[in-house]
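So this one's upload36.cif, mmCIF, C-alpha atoms:
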```cif
data_coords
loop_
_atom_site.label_atom_id
_atom_site.label_comp_id
_atom_site.auth_asym_id
_atom_site.auth_seq_id
_atom_site.Cartn_x
_atom_site.Cartn_y
_atom_site.Cartn_z
CA MET A 1 -18.79 -35.86 -3.08
CA LYS A 2 -19.36 -32.58 -1.22
CA ARG A 3 -16.47 -33.37 1.16
CA ASN A 4 -14.12 -33.94 -1.79
CA LEU A 5 -15.22 -30.65 -3.33
CA ASN A 6 -14.58 -28.81 -0.04
CA LEU A 7 -11.14 -30.41 0.31
CA SER A 8 -10.30 -29.46 -3.28
CA LEU A 9 -11.38 -25.88 -2.66
CA ILE A 10 -9.32 -25.68 0.54
CA PHE A 11 -6.33 -27.11 -1.32
CA LEU A 12 -6.66 -24.56 -4.15
CA VAL A 13 -7.00 -21.64 -1.75
CA GLY A 14 -3.99 -22.86 0.25
CA LEU A 15 -1.95 -23.33 -2.91
CA SER A 16 -2.88 -19.84 -4.12
CA ILE A 17 -1.80 -18.28 -0.82
CA PHE A 18 1.46 -20.26 -0.86
CA LEU A 19 2.24 -19.24 -4.44
CA PHE A 20 1.46 -15.59 -3.70
CA PHE A 21 3.84 -15.47 -0.75
CA ALA A 22 6.50 -17.52 -2.53
CA TYR A 23 6.39 -15.06 -5.44
CA SER A 24 6.24 -11.98 -3.21
CA PHE A 25 9.24 -12.87 -1.09
CA SER A 26 11.37 -14.40 -3.84
CA LYS A 27 11.66 -11.32 -5.98
CA GLU A 28 14.09 -8.48 -5.44
CA PRO A 29 12.59 -5.16 -4.35
CA LEU A 30 12.74 -2.28 -6.78
CA THR A 31 15.91 -0.29 -6.39
CA SER A 32 17.75 2.22 -8.54
CA GLU A 33 16.44 0.77 -11.80
CA ALA A 34 12.94 1.72 -10.65
CA GLU A 35 13.85 5.37 -11.03
CA ASN A 36 12.95 5.08 -14.70
CA PHE A 37 9.29 4.83 -13.70
CA LEU A 38 7.46 8.05 -13.06
CA ALA A 39 4.58 7.42 -10.67
CA ASP A 40 1.19 7.74 -12.34
CA ASP A 41 -0.86 10.58 -10.96
CA PHE A 42 -4.22 9.78 -9.41
CA GLN A 43 -7.06 11.43 -7.58
CA LEU A 44 -8.81 9.53 -4.82
CA GLN A 45 -11.33 10.47 -2.19
CA ASP A 46 -10.29 10.15 1.44
CA THR A 47 -12.55 8.94 4.24
CA ASN A 48 -13.74 12.55 4.78
CA GLN A 49 -14.71 12.89 1.09
CA ASN A 50 -11.77 15.20 0.26
CA ILE A 51 -10.05 14.65 -3.08
CA ILE A 52 -6.32 13.93 -2.75
CA SER A 53 -4.01 13.92 -5.80
CA LEU A 54 -0.56 12.42 -5.93
CA SER A 55 0.53 15.44 -7.97
CA ASP A 56 -0.12 17.63 -4.89
CA TYR A 57 3.13 16.24 -3.45
CA LYS A 58 5.35 16.24 -6.54
CA GLY A 59 8.30 18.59 -6.13
CA LYS A 60 7.42 19.12 -2.48
CA GLN A 61 7.98 15.90 -0.56
CA PRO A 62 8.45 12.14 -0.94
CA VAL A 63 5.37 9.95 -0.59
CA ILE A 64 4.76 6.54 0.90
CA LEU A 65 1.81 4.72 -0.66
CA PHE A 66 0.50 1.84 1.43
CA PHE A 67 -2.04 -0.44 -0.29
CA TRP A 68 -4.20 -2.45 2.13
CA THR A 69 -7.54 -4.12 2.85
CA SER A 70 -9.49 -4.60 6.07
CA TRP A 71 -9.61 -8.40 5.75
CA CYS A 72 -5.81 -8.75 5.54
CA PRO A 73 -4.26 -9.52 8.97
CA PHE A 74 -0.82 -8.33 7.81
CA CYS A 75 -2.37 -5.04 6.67
CA GLN A 76 -4.02 -4.56 10.05
CA LYS A 77 -0.65 -4.91 11.75
CA GLU A 78 1.08 -2.61 9.24
CA LEU A 79 -1.59 0.10 9.65
CA ARG A 80 -0.68 0.29 13.34
CA VAL A 81 3.07 0.09 12.74
CA LEU A 82 2.86 2.84 10.12
CA ASN A 83 0.80 4.96 12.51
CA ASN A 84 3.44 4.52 15.23
CA ARG A 85 6.15 5.60 12.76
CA TYR A 86 4.14 8.46 11.31
CA ALA A 87 5.50 11.25 13.52
CA SER A 88 9.06 10.30 12.63
CA LEU A 89 8.21 9.94 8.92
CA ALA A 90 6.45 13.32 8.87
CA GLU A 91 9.43 14.89 10.64
CA ASP A 92 11.64 13.46 7.87
CA GLY A 93 9.37 15.15 5.31
CA PHE A 94 7.33 12.15 4.12
CA ALA A 95 3.66 12.15 3.22
CA VAL A 96 1.84 8.89 3.95
CA LEU A 97 -1.18 7.82 1.91
CA ALA A 98 -2.84 4.55 2.90
CA ILE A 99 -4.92 3.33 -0.04
CA ASN A 100 -7.72 0.89 0.69
CA VAL A 101 -8.22 -1.48 -2.20
CA GLY A 102 -11.77 -2.10 -3.38
CA GLU A 103 -13.85 -1.80 -0.22
CA SER A 104 -16.84 0.45 0.36
CA PRO A 105 -16.40 3.75 2.20
CA ASP A 106 -18.77 2.62 4.97
CA LYS A 107 -16.86 -0.60 5.53
CA VAL A 108 -13.52 1.25 5.67
CA LYS A 109 -14.83 3.95 8.04
CA ASN A 110 -16.34 1.32 10.32
CA PHE A 111 -13.12 -0.71 10.28
CA LEU A 112 -10.95 2.32 11.08
CA LYS A 113 -12.94 3.41 14.16
CA ASP A 114 -10.46 1.65 16.46
CA TYR A 115 -7.33 2.81 14.64
CA ASN A 116 -7.19 6.62 15.05
CA LEU A 117 -4.76 6.99 12.15
CA ALA A 118 -2.70 10.17 11.79
CA TYR A 119 -2.27 9.90 8.02
CA HIS A 120 -4.62 10.08 5.04
CA VAL A 121 -6.68 7.00 4.16
CA LEU A 122 -7.77 7.00 0.52
CA LEU A 123 -10.46 4.88 -1.10
CA ASP A 124 -9.66 3.03 -4.31
CA LYS A 125 -13.24 1.79 -4.63
CA ASP A 126 -12.97 0.58 -8.22
CA THR A 127 -9.35 -0.64 -7.77
CA TYR A 128 -8.18 1.39 -10.75
CA VAL A 129 -5.20 2.92 -8.93
CA SER A 130 -4.22 -0.51 -7.58
CA TRP A 131 -4.39 -1.91 -11.10
CA THR A 132 -2.36 1.02 -12.46
CA TYR A 133 0.38 0.39 -9.88
CA GLU A 134 0.26 -3.37 -10.58
CA ILE A 135 -0.62 -4.32 -7.02
CA ILE A 136 -0.87 -8.11 -6.91
CA GLY A 137 -1.21 -8.51 -3.16
CA VAL A 138 -1.56 -6.59 0.05
CA PRO A 139 0.06 -5.13 1.99
CA THR A 140 2.21 -3.31 -0.57
CA TYR A 141 4.42 -0.31 0.00
CA ILE A 142 5.50 2.05 -2.78
CA LEU A 143 7.98 4.84 -2.10
CA ILE A 144 7.96 7.79 -4.46
CA ASN A 145 10.73 10.36 -4.31
CA LYS A 146 10.21 14.12 -4.33
CA GLU A 147 10.58 14.23 -8.13
CA GLY A 148 7.74 11.72 -8.54
CA TYR A 149 9.71 8.56 -9.37
CA ILE A 150 9.02 5.17 -7.86
CA VAL A 151 12.11 4.07 -5.95
CA PHE A 152 10.74 1.06 -4.03
CA LYS A 153 7.86 -1.41 -4.24
CA ASP A 154 7.40 -4.48 -2.07
CA ASN A 155 5.28 -6.11 0.64
CA TYR A 156 7.30 -4.66 3.51
CA PHE A 157 8.46 -1.23 4.64
CA PRO A 158 12.20 -0.73 4.00
CA LEU A 159 12.91 0.65 7.48
CA LYS A 160 16.70 0.52 7.23
CA GLN A 161 17.04 2.06 3.77
CA TYR A 162 13.95 4.24 3.11
CA GLN A 163 15.78 7.55 3.53
CA GLU A 164 18.56 6.43 1.21
CA LEU A 165 16.06 5.21 -1.39
CA ILE A 166 14.18 8.51 -1.40
CA SER A 167 17.33 10.57 -1.85
CA LYS A 168 18.07 8.93 -5.21
#
```
Target encoding structure tokens, full file:
Amino acid sequence: MKRNLNLSLIFLVGLSIFLFFAYSFSKEPLTSEAENFLADDFQLQDTNQNIISLSDYKGKQPVILFFWTSWCPFCQKELRVLNNRYASLAEDGFAVLAINVGESPDKVKNFLKDYNLAYHVLLDKDTYVSWTYEIIGVPTYILINKEGYIVFKDNYFPLKQYQELISK
């Protein structure tokens, strides 16, 4: 009986993961039609207890939001990739805000000890910002142009077209 229950649980978890990835990769990324959506402002605390607002960047520079968790192996890889690209992104005028979804500040700080990230890491402890931006899985990238409009949202970084997307 217990073995059947464990197999059923494993099956359901596997099915959920499959459906998530099937949905994530089957949909088209947001493109020009996304420009109708003004990014919701938020205020989140960073890992140094500073308050960062999205509105601080509006009219000044485009922003890359990166939603992640410590338990996600894809997020761990993307944190490093984003860190390696950060100098180039900053040179191109981008702000990068990595938003941890729902984990405690202590857990995030402990996790990040080996990462030495160059960009801001924000804490969405109650997941309100993630809910507002309709994040259904991690990792998720959202690109916001200088005027504050969402121009891209997907589970990958649009390396080949990010500059074109932001200029819209």
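Those residues that approach A:Arg80 to within 8 Å, counting only C-alpha atoms, are Gln76, Lys77, Asn83, Asn84, Tyr115 and Leu117 of chain A; same-chain residues fewer than 3 positions away are not listed.
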>> Can you measure atom CA of A:Gly93 to atom CA of A:Pro62 for me? One decimal in Å is fine.
In response: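 Separation between atom CA of A:Gly93 and atom CA of A:Pro62: 7.0 Å.
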> For the atom pair atom CA of A:Tyr156 and atom CA of A:Phe42, what is the interatomic distance in Å to one decimal place?
Replying inline: 22.5 Å
> Using all atoms listed in the file, which of the listed residues (A:Leu79, A:Asp154, A:Trp68, A:Tyr141) sits closest to A:Asn116?
Replying inline: A:Leu79
> Skipping near chain neighbours, those fewer than 3 positions away, what residues fall within 10 Å of A:Asp40 using all atoms listed in the file, listed as a PyMOL selection string?
Replying inline: chain A and resi 37+54-55+129+132-133+148-150
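Close to (14.7, 11.0, -3.7), meaning no more than 9 Å away when counting all atoms listed in the file, sit the residues Gln61, Pro62, Ile144, Asn145, Lys146, Glu147, Gly148, Tyr149, Val151, Gln163, Glu164, Leu165, Ile166, Ser167 and Lys168 of chain A.
What separates atom CA of A:Gln43 from atom CA of A:Glu91 is a distance of 24.8 Å.
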>> When the PyMOL selection byres ((chain A and resi 97) around 9) is applied to the structure above, which residues does it catch, written out as a ChimeraX atom specification?
In response: /A:63-67,95-96,98-99,119-122
I need the residues from that last selection saved to file as a compact mmCIF listing (two decimals), in the frame of the given file (with C-alpha atoms), if you can.
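Below is the file that was written, again_10.txt:
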```
# COMPACT_ATOMS: atom_id res chain seq x y z
CA VAL A 63 5.37 9.95 -0.59
CA ILE A 64 4.76 6.54 0.90
CA LEU A 65 1.81 4.72 -0.66
CA PHE A 66 0.50 1.84 1.43
CA PHE A 67 -2.04 -0.44 -0.29
CA ALA A 95 3.66 12.15 3.22
CA VAL A 96 1.84 8.89 3.95
CA ALA A 98 -2.84 4.55 2.90
CA ILE A 99 -4.92 3.33 -0.04
CA TYR A 119 -2.27 9.90 8.02
CA HIS A 120 -4.62 10.08 5.04
CA VAL A 121 -6.68 7.00 4.16
CA LEU A 122 -7.77 7.00 0.52
```
>> Which residues, named as in the file, does the PyMOL selection byres ((chain A and resi 45) around 10) pick out? Answer as a VMD selection string.
In response: chain A and resid 43 to 44 46 to 53 99 105 120 to 125
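Of the listed residues (A:Asp92, A:Thr127, A:Glu134, A:Asp41), A:Thr127 comes nearest to A:Ser104; the distances count only C-alpha atoms.
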